[in-house]
Structures are given as structure tokens and as C-alpha cells.
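Text of my_file-v2.cif (mmCIF, C-alpha atoms) as supplied:
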```cif
data_model
#
loop_
_atom_site.label_atom_id
_atom_site.label_comp_id
_atom_site.auth_asym_id
_atom_site.auth_seq_id
_atom_site.Cartn_x
_atom_site.Cartn_y
_atom_site.Cartn_z
CA SER I 1 -37.90 12.62 -20.16
CA LEU I 2 -35.15 11.11 -22.25
CA GLY I 3 -31.68 12.16 -21.13
CA ILE I 4 -32.59 13.98 -17.88
CA PRO I 5 -31.06 12.49 -14.69
CA TYR I 6 -33.84 10.97 -12.61
CA ILE I 7 -33.45 13.17 -9.51
CA TYR I 8 -33.48 16.34 -11.63
CA GLU I 9 -36.52 15.05 -13.48
CA ALA I 10 -38.31 14.44 -10.18
CA MET I 11 -37.60 17.97 -8.92
CA LEU I 12 -38.57 19.58 -12.23
CA LEU I 13 -41.87 17.69 -12.37
CA PHE I 14 -42.67 18.66 -8.79
CA LEU I 15 -41.92 22.34 -9.42
CA GLU I 16 -43.90 22.38 -12.66
CA SER I 17 -46.94 21.20 -10.71
CA HIS I 18 -46.52 24.03 -8.16
CA VAL I 19 -45.24 26.88 -10.31
CA HIS I 20 -48.67 28.52 -10.60
CA SER I 21 -49.75 28.03 -6.99
CA SER I 22 -46.61 28.91 -5.02
CA PRO I 23 -45.88 32.65 -4.83
CA ARG I 24 -42.20 33.61 -4.92
CA LEU I 25 -41.29 30.00 -5.60
CA PHE I 26 -37.71 30.76 -6.59
CA GLU I 27 -37.16 33.89 -4.50
CA THR I 28 -37.98 32.63 -1.00
CA LYS I 29 -35.03 32.30 1.36
CA VAL I 30 -34.65 28.76 2.65
CA SER I 31 -32.77 27.36 5.64
CA GLY I 32 -29.69 25.40 4.71
CA TRP I 33 -30.60 22.48 6.96
CA ARG I 34 -33.89 22.02 5.07
CA VAL I 35 -32.09 21.85 1.75
CA SER I 36 -29.55 19.43 3.22
CA GLY I 37 -32.33 17.24 4.58
CA LEU I 38 -34.17 17.12 1.25
CA SER I 39 -30.92 16.36 -0.58
CA LYS I 40 -30.35 13.31 1.63
CA VAL I 41 -33.90 12.07 1.01
CA LEU I 42 -33.49 12.53 -2.75
CA ASP I 43 -30.21 10.62 -2.71
CA GLU I 44 -31.79 7.75 -0.80
CA TYR I 45 -35.25 7.46 -2.36
CA GLN I 46 -34.75 9.12 -5.78
CA GLU I 47 -38.02 11.06 -5.52
CA VAL I 48 -39.46 14.19 -3.98
CA PRO I 49 -41.41 13.28 -0.82
CA PRO I 50 -45.13 14.13 -0.91
CA GLY I 51 -45.90 17.34 0.93
CA SER I 52 -42.47 18.88 0.34
CA ASP I 53 -42.26 22.66 0.54
CA PRO I 54 -41.96 23.96 -3.07
CA PRO I 55 -39.42 26.74 -2.25
CA VAL I 56 -37.19 24.13 -0.57
CA VAL I 57 -37.34 21.95 -3.70
CA ALA I 58 -36.58 25.00 -5.86
CA ALA I 59 -33.54 25.93 -3.75
CA THR I 60 -32.35 22.32 -3.79
CA LEU I 61 -32.60 22.15 -7.58
CA ASN I 62 -30.72 25.43 -7.99
CA LEU I 63 -27.98 24.31 -5.61
CA ALA I 64 -27.69 20.93 -7.35
CA LEU I 65 -27.25 22.68 -10.69
CA ARG I 66 -24.57 24.95 -9.26
CA MET I 67 -22.70 21.94 -7.88
CA LEU I 68 -22.54 20.13 -11.23
CA PRO I 69 -18.92 19.56 -12.24
CA GLU I 70 -19.75 21.13 -15.61
CA PRO I 71 -22.38 23.90 -15.96
CA LEU I 72 -25.19 23.32 -18.42
CA LEU I 73 -23.73 25.81 -20.92
CA THR I 74 -20.22 24.33 -20.34
CA TYR I 75 -16.93 25.91 -19.36
CA GLU I 76 -15.66 25.63 -22.92
CA ALA I 77 -18.47 27.79 -24.33
CA TYR I 78 -18.38 30.38 -21.51
CA HIS I 79 -16.59 33.15 -23.41
CA ALA I 80 -18.45 32.37 -26.64
CA PHE I 81 -21.82 32.85 -24.91
CA LEU I 82 -20.63 36.11 -23.32
CA SER I 83 -19.44 37.37 -26.70
CA ALA I 84 -22.79 36.46 -28.24
CA ALA I 85 -24.63 38.33 -25.50
CA ARG I 86 -22.71 41.51 -26.40
CA LEU I 87 -23.92 41.50 -30.01
CA PRO I 88 -26.19 44.54 -30.46
CA ASP I 89 -28.20 43.17 -33.38
CA LEU I 90 -31.01 40.87 -32.17
CA ALA I 91 -31.10 38.67 -35.27
CA GLU I 92 -27.35 38.15 -35.23
CA ARG I 93 -27.36 37.51 -31.48
CA GLN I 94 -30.15 34.94 -31.73
CA ALA I 95 -28.46 33.12 -34.61
CA THR I 96 -25.18 32.97 -32.71
CA VAL I 97 -26.77 31.76 -29.47
CA LYS I 98 -28.81 29.12 -31.32
CA GLY I 99 -25.63 27.82 -32.92
CA LEU I 100 -23.93 27.59 -29.53
CA LEU I 101 -26.93 25.78 -28.07
CA ARG I 102 -26.89 23.26 -30.91
CA ASP I 103 -23.21 22.56 -30.23
CA LEU I 104 -23.74 21.75 -26.55
CA PRO I 105 -23.12 18.16 -25.45
CA LEU I 106 -26.14 15.94 -26.06
CA GLU I 107 -26.48 15.09 -22.37
CA HIS I 108 -26.82 18.77 -21.39
CA LYS I 109 -29.66 19.69 -23.74
CA PRO I 110 -32.70 17.93 -22.21
CA THR I 111 -32.05 19.24 -18.69
CA LEU I 112 -31.32 22.75 -19.98
CA ARG I 113 -34.51 22.84 -22.05
CA ARG I 114 -36.71 21.59 -19.19
CA LEU I 115 -35.19 24.08 -16.75
CA MET I 116 -35.73 27.02 -19.09
CA HIS I 117 -39.28 25.87 -19.79
CA LEU I 118 -39.96 25.87 -16.05
CA LEU I 119 -38.60 29.40 -15.65
CA TRP I 120 -40.48 30.64 -18.73
CA LYS I 121 -43.68 29.05 -17.39
CA ALA I 122 -43.18 30.78 -14.02
CA CYS I 123 -43.10 34.14 -15.81
CA HIS I 124 -46.16 33.50 -17.98
CA HIS I 125 -48.79 31.89 -15.80
CA PRO I 126 -52.18 33.66 -15.88
CA GLN I 127 -53.13 36.10 -13.16
CA SER I 128 -56.02 35.14 -10.91
CA PRO I 129 -59.32 36.91 -11.60
CA LYS I 130 -60.63 39.72 -9.43
CA LYS I 131 -63.04 38.97 -6.65
CA GLU I 132 -65.54 41.64 -5.64
CA GLU I 133 -67.75 41.81 -2.59
CA GLY I 134 -71.37 42.71 -3.23
CA ARG I 135 -73.46 45.35 -1.48
CA GLU I 136 -74.87 44.57 1.90
CA GLY I 137 -77.62 46.92 3.14
CA GLY I 138 -76.46 50.51 3.18
CA ARG I 139 -72.74 49.68 3.09
CA GLY I 140 -70.63 50.65 0.15
CA VAL I 141 -69.01 48.26 -2.25
CA GLY I 142 -65.84 46.62 -0.98
CA HIS I 143 -63.43 45.60 -3.66
CA GLY I 144 -61.21 42.63 -2.93
CA GLN I 145 -58.66 41.10 -5.24
CA GLN I 146 -56.76 37.88 -4.76
CA GLN I 147 -53.43 38.18 -6.53
CA HIS I 148 -50.61 35.70 -7.04
CA HIS I 149 -47.05 36.88 -7.44
CA ARG I 150 -45.83 36.35 -10.99
CA ALA I 151 -42.11 35.86 -11.38
CA SER I 152 -40.21 37.98 -13.88
CA SER I 153 -37.22 37.05 -15.98
CA HIS I 154 -35.49 40.14 -14.57
CA THR I 155 -35.72 38.55 -11.10
CA LEU I 156 -35.01 34.94 -12.09
CA ALA I 157 -32.01 35.61 -14.34
CA PRO I 158 -29.58 36.61 -11.55
CA ILE I 159 -30.78 33.69 -9.39
CA PHE I 160 -30.18 31.02 -12.05
CA CYS I 161 -27.36 32.66 -14.01
CA ARG I 162 -24.63 30.74 -12.21
CA SER I 163 -26.56 27.49 -12.59
CA LEU I 164 -26.23 27.86 -16.37
CA LEU I 165 -23.03 29.72 -17.08
CA ARG I 166 -19.90 30.15 -15.01
CA SER I 167 -16.19 30.38 -15.57
CA TYR I 168 -13.90 27.56 -14.50
CA LEU I 169 -11.73 30.00 -12.54
CA PRO I 170 -13.86 33.07 -11.83
CA GLU I 171 -11.99 36.23 -10.94
CA VAL I 172 -13.45 38.10 -7.98
CA PRO I 173 -12.81 41.86 -8.24
CA GLN I 174 -11.74 43.79 -5.17
CA GLN I 175 -15.07 45.61 -4.88
CA HIS I 176 -16.95 42.30 -4.51
CA GLN I 177 -14.96 40.90 -1.57
CA GLN I 178 -17.42 42.40 0.93
CA HIS I 179 -20.29 40.69 -0.90
CA GLN I 180 -18.46 37.36 -0.63
CA GLN I 181 -17.96 37.87 3.10
CA GLN I 182 -21.67 38.52 3.53
CA LEU I 183 -22.47 35.28 1.70
CA GLN I 184 -20.09 33.36 3.97
CA GLN I 185 -21.78 34.85 7.03
CA GLN I 186 -25.16 33.75 5.71
CA GLN I 187 -23.85 30.21 5.22
CA GLN I 188 -22.51 30.18 8.77
CA GLN I 189 -26.00 31.12 9.94
CA GLN I 190 -27.36 28.18 7.88
CA VAL I 191 -29.43 30.40 5.64
CA LEU I 192 -29.43 29.46 1.98
CA SER I 193 -30.91 32.27 -0.09
CA LEU I 194 -29.03 31.93 -3.40
CA PRO I 195 -29.25 35.70 -4.03
CA PRO I 196 -28.26 37.45 -7.24
CA SER I 197 -24.48 37.28 -7.41
CA THR I 198 -22.71 40.51 -8.26
CA VAL I 199 -19.64 38.58 -9.43
CA ASP I 200 -21.52 37.30 -12.47
CA PRO I 201 -20.78 39.35 -15.59
CA PRO I 202 -23.78 41.45 -16.65
CA GLU I 203 -23.64 39.74 -20.06
CA ALA I 204 -24.24 36.37 -18.37
CA VAL I 205 -27.26 37.71 -16.50
CA ALA I 206 -28.62 39.38 -19.66
CA LEU I 207 -28.16 36.15 -21.62
CA THR I 208 -30.01 34.14 -18.97
CA GLN I 209 -32.86 36.63 -19.04
CA GLU I 210 -33.06 36.46 -22.83
CA LEU I 211 -33.11 32.64 -22.77
CA ILE I 212 -36.09 32.82 -20.41
CA ASP I 213 -37.95 35.53 -22.31
CA ARG I 214 -37.38 33.93 -25.73
CA TYR I 215 -37.67 30.30 -24.67
CA PRO I 216 -39.96 29.32 -27.60
CA SER I 217 -37.53 30.78 -30.11
CA TYR I 218 -34.37 29.27 -28.65
CA PHE I 219 -35.50 25.87 -27.41
CA HIS I 220 -38.25 24.57 -29.69
CA GLU I 221 -35.65 23.95 -32.38
CA LEU I 222 -33.46 22.28 -29.77
CA ARG I 223 -36.41 20.11 -28.75
CA ASP I 224 -37.12 19.08 -32.35
CA ASP I 225 -33.46 18.21 -32.85
CA GLY I 226 -33.47 16.10 -29.69
CA ALA I 227 -36.70 14.38 -30.70
CA ALA I 228 -35.24 13.46 -34.09
CA LYS I 229 -32.14 11.96 -32.47
CA ALA I 230 -34.27 10.06 -29.98
CA GLN I 231 -36.40 8.64 -32.80
CA ALA I 232 -33.29 7.56 -34.72
CA LEU I 233 -31.94 5.89 -31.59
CA GLN I 234 -35.24 4.12 -30.99
CA MET I 235 -35.14 2.73 -34.53
CA LYS I 236 -31.63 1.42 -33.87
CA ILE I 237 -32.79 -0.22 -30.63
CA GLN I 238 -35.70 -1.84 -32.45
CA ARG I 239 -33.25 -3.16 -35.02
CA LEU I 240 -31.07 -4.48 -32.20
CA SER I 241 -34.09 -6.17 -30.61
CA ALA I 242 -34.92 -7.83 -33.94
CA ILE I 243 -31.38 -9.19 -34.17
CA VAL I 244 -31.53 -10.54 -30.61
CA ASP I 245 -34.92 -12.14 -31.24
CA SER I 246 -33.74 -13.75 -34.44
CA SER I 247 -32.39 -17.28 -34.65
CA LYS I 248 -28.75 -16.10 -34.78
CA GLN I 249 -26.40 -17.64 -32.27
CA LEU I 250 -24.29 -15.38 -30.07
CA ALA I 251 -21.13 -16.28 -31.94
CA GLU I 252 -22.76 -15.32 -35.23
CA GLY I 253 -23.99 -12.07 -33.70
CA GLU I 254 -20.50 -11.21 -32.56
CA LYS I 255 -19.33 -11.56 -36.15
CA ASP I 256 -22.10 -9.34 -37.48
CA PRO I 257 -20.69 -5.78 -37.90
CA GLU I 258 -24.15 -4.22 -37.82
CA CYS I 259 -25.00 -6.02 -34.58
CA LEU I 260 -21.78 -4.86 -32.94
CA ALA I 261 -22.37 -1.27 -34.08
CA LEU I 262 -25.87 -1.30 -32.60
CA PHE I 263 -24.61 -2.68 -29.30
CA LYS I 264 -22.00 0.10 -29.14
CA THR I 265 -24.68 2.71 -29.83
CA LEU I 266 -26.90 1.34 -27.07
CA PHE I 267 -24.10 1.19 -24.50
CA ALA I 268 -22.98 4.72 -25.39
CA PHE I 269 -26.53 5.98 -24.91
CA LEU I 270 -26.93 4.25 -21.56
CA ALA I 271 -23.63 5.75 -20.39
CA ARG I 272 -24.87 9.26 -21.26
CA VAL I 273 -28.16 9.02 -19.35
CA GLU I 274 -26.82 7.24 -16.24
#
```
Structure translated into C-alpha cells:
Amino acid sequence: SLGIPYIYEAMLLFLESHVHSSPRLFETKVSGWRVSGLSKVLDEYQEVPPGSDPPVVAATLNLALRMLPEPLLTYEAYHAFLSAARLPDLAERQATVKGLLRDLPLEHKPTLRRLMHLLWKACHHPQSPKKEEGREGGRGVGHGQQQHHRASSHTLAPIFCRSLLRSYLPEVPQQHQQHQQQLQQQQQQQVLSLPPSTVDPPEAVALTQELIDRYPSYFHELRDDGAAKAQALQMKIQRLSAIVDSSKQLAEGEKDPECLALFKTLFAFLARVE
């Protein structure tokens, strides 16, 4: 997809293909060495190896998002999003959050939208039908049911909250120091579980849950806005291609203000998606 870094795109596509068939995809604890190994393969080959364990890919994606130098909802908008989450009126809260989402940097929007679509999809896949055993002779009816675990936004929000929204210099209250020590012990044992973090403000967790639950409301408009910008950019690139294919010499092209403006637009776009 336009604007999504290739490695993130590869992991998202892989998880989308397994989201309905892998129970507890995002909740399974994963060994740190497995995540480290997959990260090295992704760095080298730029794709998810066939046969990869879906929970390992999910943990790797979550960790990669947490290690971004700038969270998807940005440090600058951190307090604005928390303030919006505190608004009691749903209509006012939605309008405020939508405005903040529109103001996010262009390069953040495609990855954010695809991630939230994945989480929304995990919470809304259909349940498997019941399977019943028939009568055999004089035996009674045995009822069997094959069920798949369906994720809930209540469970996923604390897991992915920090991947979306975090403060540049988070303050750790005294009562959470023991929790931090437990996390450090887990890391020393090479167990990467990415559990719900109690140092995240409840407003941040609630906002993440609402973004998952109301994905169609919040992100379809964002998608349409991104599609319109992509179409405008494509028209500019087509215009640039027409100029290059024309009989103009390079020196004449350099003097053409429109040509120079189109080149600048193209280079700026390539810099954003690299």
C-alpha cells in the first residue's frame, strides 16, 4: 500500500491472512530469541519467511512499532489525544479525535489505518459453526463444538496502546516500580510477552479501544483523504512523465518552473515513503 514501509506492509499482510485462523494471535507470549531471529530475517530479506509462526510475527510487529522514534499518534499530539479521550460527549469526542487524526503527518496515516483495520478485523471475524455428532445405536447424542478464540478490543487495547500513543518522557509513579522490575526479569529470561502496561494512562487505553471499536467511523474518512492525495500525486507524476517524454532538452526542462515543481514533489514523496 502507498506510504507503508515495506517490512511493516509484509508483516501486516501476513497477519491479515492468519487473523481468522490463529487463536490468541496477539495475546500469546513469545520467546525473545524468536522475535530477534525473525527481526534479523526481515532486515535481510525484507519479507516474512513462509511458515512463520503468526504469534511471533505479531509480537515482532508490535515491538517494531514500539521502537519507532516517533509513535504513530506522535509525541506532539499526545496530550491532545488524552484530552479528547476525556470528553464525555461521544459526538464531541469523535469530532475532536477525527480532527487530530487528520492533522497527523502524512507518512503516519497509512500504517496507522492498516494496523487499526487489522485489530478491528481480529475482533469481528465470524465464529465457526457448531458441529454435532449424530446418534449411534443406543448411545445418546454427543454435542461437540469447535470454537475459535475471538479477540476483543478490551484485550487488544492495552497490548497496542504504547505502539500508538506514548509520552516522550513518561513518568513512572512509585506504585508501578514493582511492575517495571517484573518486566525486566521477564526480559532477562528472554520472554517477550508485551503485556498490558499499567504505566499507560487509562485515557490512552480507552482511546485505543475506541479506535478499534469504531474503526469504520474514524478511518474511512482518513482513507478517502489519503486516496484523494494519492490520486493528485499520480496525476502530477503523469504530468512529469509527459514532460520527460516530450522533445524538451534537459536545459529547457531546468528552466521550466512547472517541471521543477513536479520534480520537487516527486522527490519529496519518495523521501516520505523510503
Item checked: Between CA of Thr74 (chain I) and CA of Pro54 (chain I) - distance in Å to one decimal ->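 One can read the CA of Pro54 (chain I) to CA of Thr74 (chain I) distance as 27.8 Å.
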Checklist line | Best match for closeness to Ser217 (chain I) among I:Gln94, I:Ser22, I:Asn62, I:Thr111, counting all atoms listed in the file | finding: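 Using all atoms listed in the file, Ser217 (chain I) sits closest to I:Gln94.
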Next item on the list: Return the single residue from I:Leu68, I:Leu73, I:Ala206, I:Ala85 that is closest to Leu101 (chain I), with distances computed using all atoms listed in the file.
Entry: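 Under the stated criterion, the closest residue is I:Leu73.
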Checklist line | Atomic distance CA of Glu70 (chain I) - CA of Ser83 (chain I), expressed in Å with one decimal | finding: 19.7 Å
Item checked: Result set, the PyMOL selection byres ((chain I and resi 16) around 10) on current file, as a list in words ->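 Applying the PyMOL selection byres ((chain I and resi 16) around 10) to the structure shown produces Met11, Leu12, Leu13, Phe14, Leu15, Ser17, His18, Val19, His20, Ser21, Pro54, Arg114, Leu115, His117, Leu118, Leu119, Lys121 and Ala122 of chain I.
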Margin query: Measuring between only C-alpha atoms, which one of I:Ala59, I:Asp213, I:Ser52, I:Leu207 shows the shortest distance to Val97 (chain I)?
Written below: I:Leu207
Item checked: Separation of CA of Gly37 (chain I) from CA of Val57 (chain I), in Å and rounded to one decimal ->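 These two atoms are separated by 10.8 Å.
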The residues within 12 Å of (-32.7, 15.0, -1.8), using all atoms listed in the file and the coordinates of the file, should be reported as an mmCIF file with C-alpha atoms, in the coordinates of the input; which are they?
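Result file is point_17.cif:
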```cif
data_model
loop_
_atom_site.group_PDB
_atom_site.id
_atom_site.type_symbol
_atom_site.label_atom_id
_atom_site.label_comp_id
_atom_site.auth_asym_id
_atom_site.auth_seq_id
_atom_site.Cartn_x
_atom_site.Cartn_y
_atom_site.Cartn_z
ATOM 1 C CA TYR I 6 -33.840 10.970 -12.610
ATOM 2 C CA ILE I 7 -33.450 13.170 -9.510
ATOM 3 C CA TYR I 8 -33.480 16.340 -11.630
ATOM 4 C CA ALA I 10 -38.310 14.440 -10.180
ATOM 5 C CA MET I 11 -37.600 17.970 -8.920
ATOM 6 C CA TRP I 33 -30.600 22.480 6.960
ATOM 7 C CA ARG I 34 -33.890 22.020 5.070
ATOM 8 C CA VAL I 35 -32.090 21.850 1.750
ATOM 9 C CA SER I 36 -29.550 19.430 3.220
ATOM 10 C CA GLY I 37 -32.330 17.240 4.580
ATOM 11 C CA LEU I 38 -34.170 17.120 1.250
ATOM 12 C CA SER I 39 -30.920 16.360 -0.580
ATOM 13 C CA LYS I 40 -30.350 13.310 1.630
ATOM 14 C CA VAL I 41 -33.900 12.070 1.010
ATOM 15 C CA LEU I 42 -33.490 12.530 -2.750
ATOM 16 C CA ASP I 43 -30.210 10.620 -2.710
ATOM 17 C CA GLU I 44 -31.790 7.750 -0.800
ATOM 18 C CA TYR I 45 -35.250 7.460 -2.360
ATOM 19 C CA GLN I 46 -34.750 9.120 -5.780
ATOM 20 C CA GLU I 47 -38.020 11.060 -5.520
ATOM 21 C CA VAL I 48 -39.460 14.190 -3.980
ATOM 22 C CA PRO I 49 -41.410 13.280 -0.820
ATOM 23 C CA SER I 52 -42.470 18.880 0.340
ATOM 24 C CA VAL I 56 -37.190 24.130 -0.570
ATOM 25 C CA VAL I 57 -37.340 21.950 -3.700
ATOM 26 C CA ALA I 58 -36.580 25.000 -5.860
ATOM 27 C CA ALA I 59 -33.540 25.930 -3.750
ATOM 28 C CA THR I 60 -32.350 22.320 -3.790
ATOM 29 C CA LEU I 61 -32.600 22.150 -7.580
ATOM 30 C CA LEU I 63 -27.980 24.310 -5.610
ATOM 31 C CA ALA I 64 -27.690 20.930 -7.350
#
```
Checklist line | Non-local contacts of Val205 (chain I) (9 Å; all atoms listed in the file; under 6 positions in same chain excluded) as a list in words | finding: His154, Ala157, Pro158, Ile159, Phe160, Cys161 and Arg162 of chain I
Item checked: Selection near Leu72 (chain I), 9 Å with only C-alpha atoms, sequence-local residues under 2 positions removed, as a VMD selection string -> chain I and resid 65 68 70 74 to 75 104 to 105 108 to 109 111 to 112 163 to 165
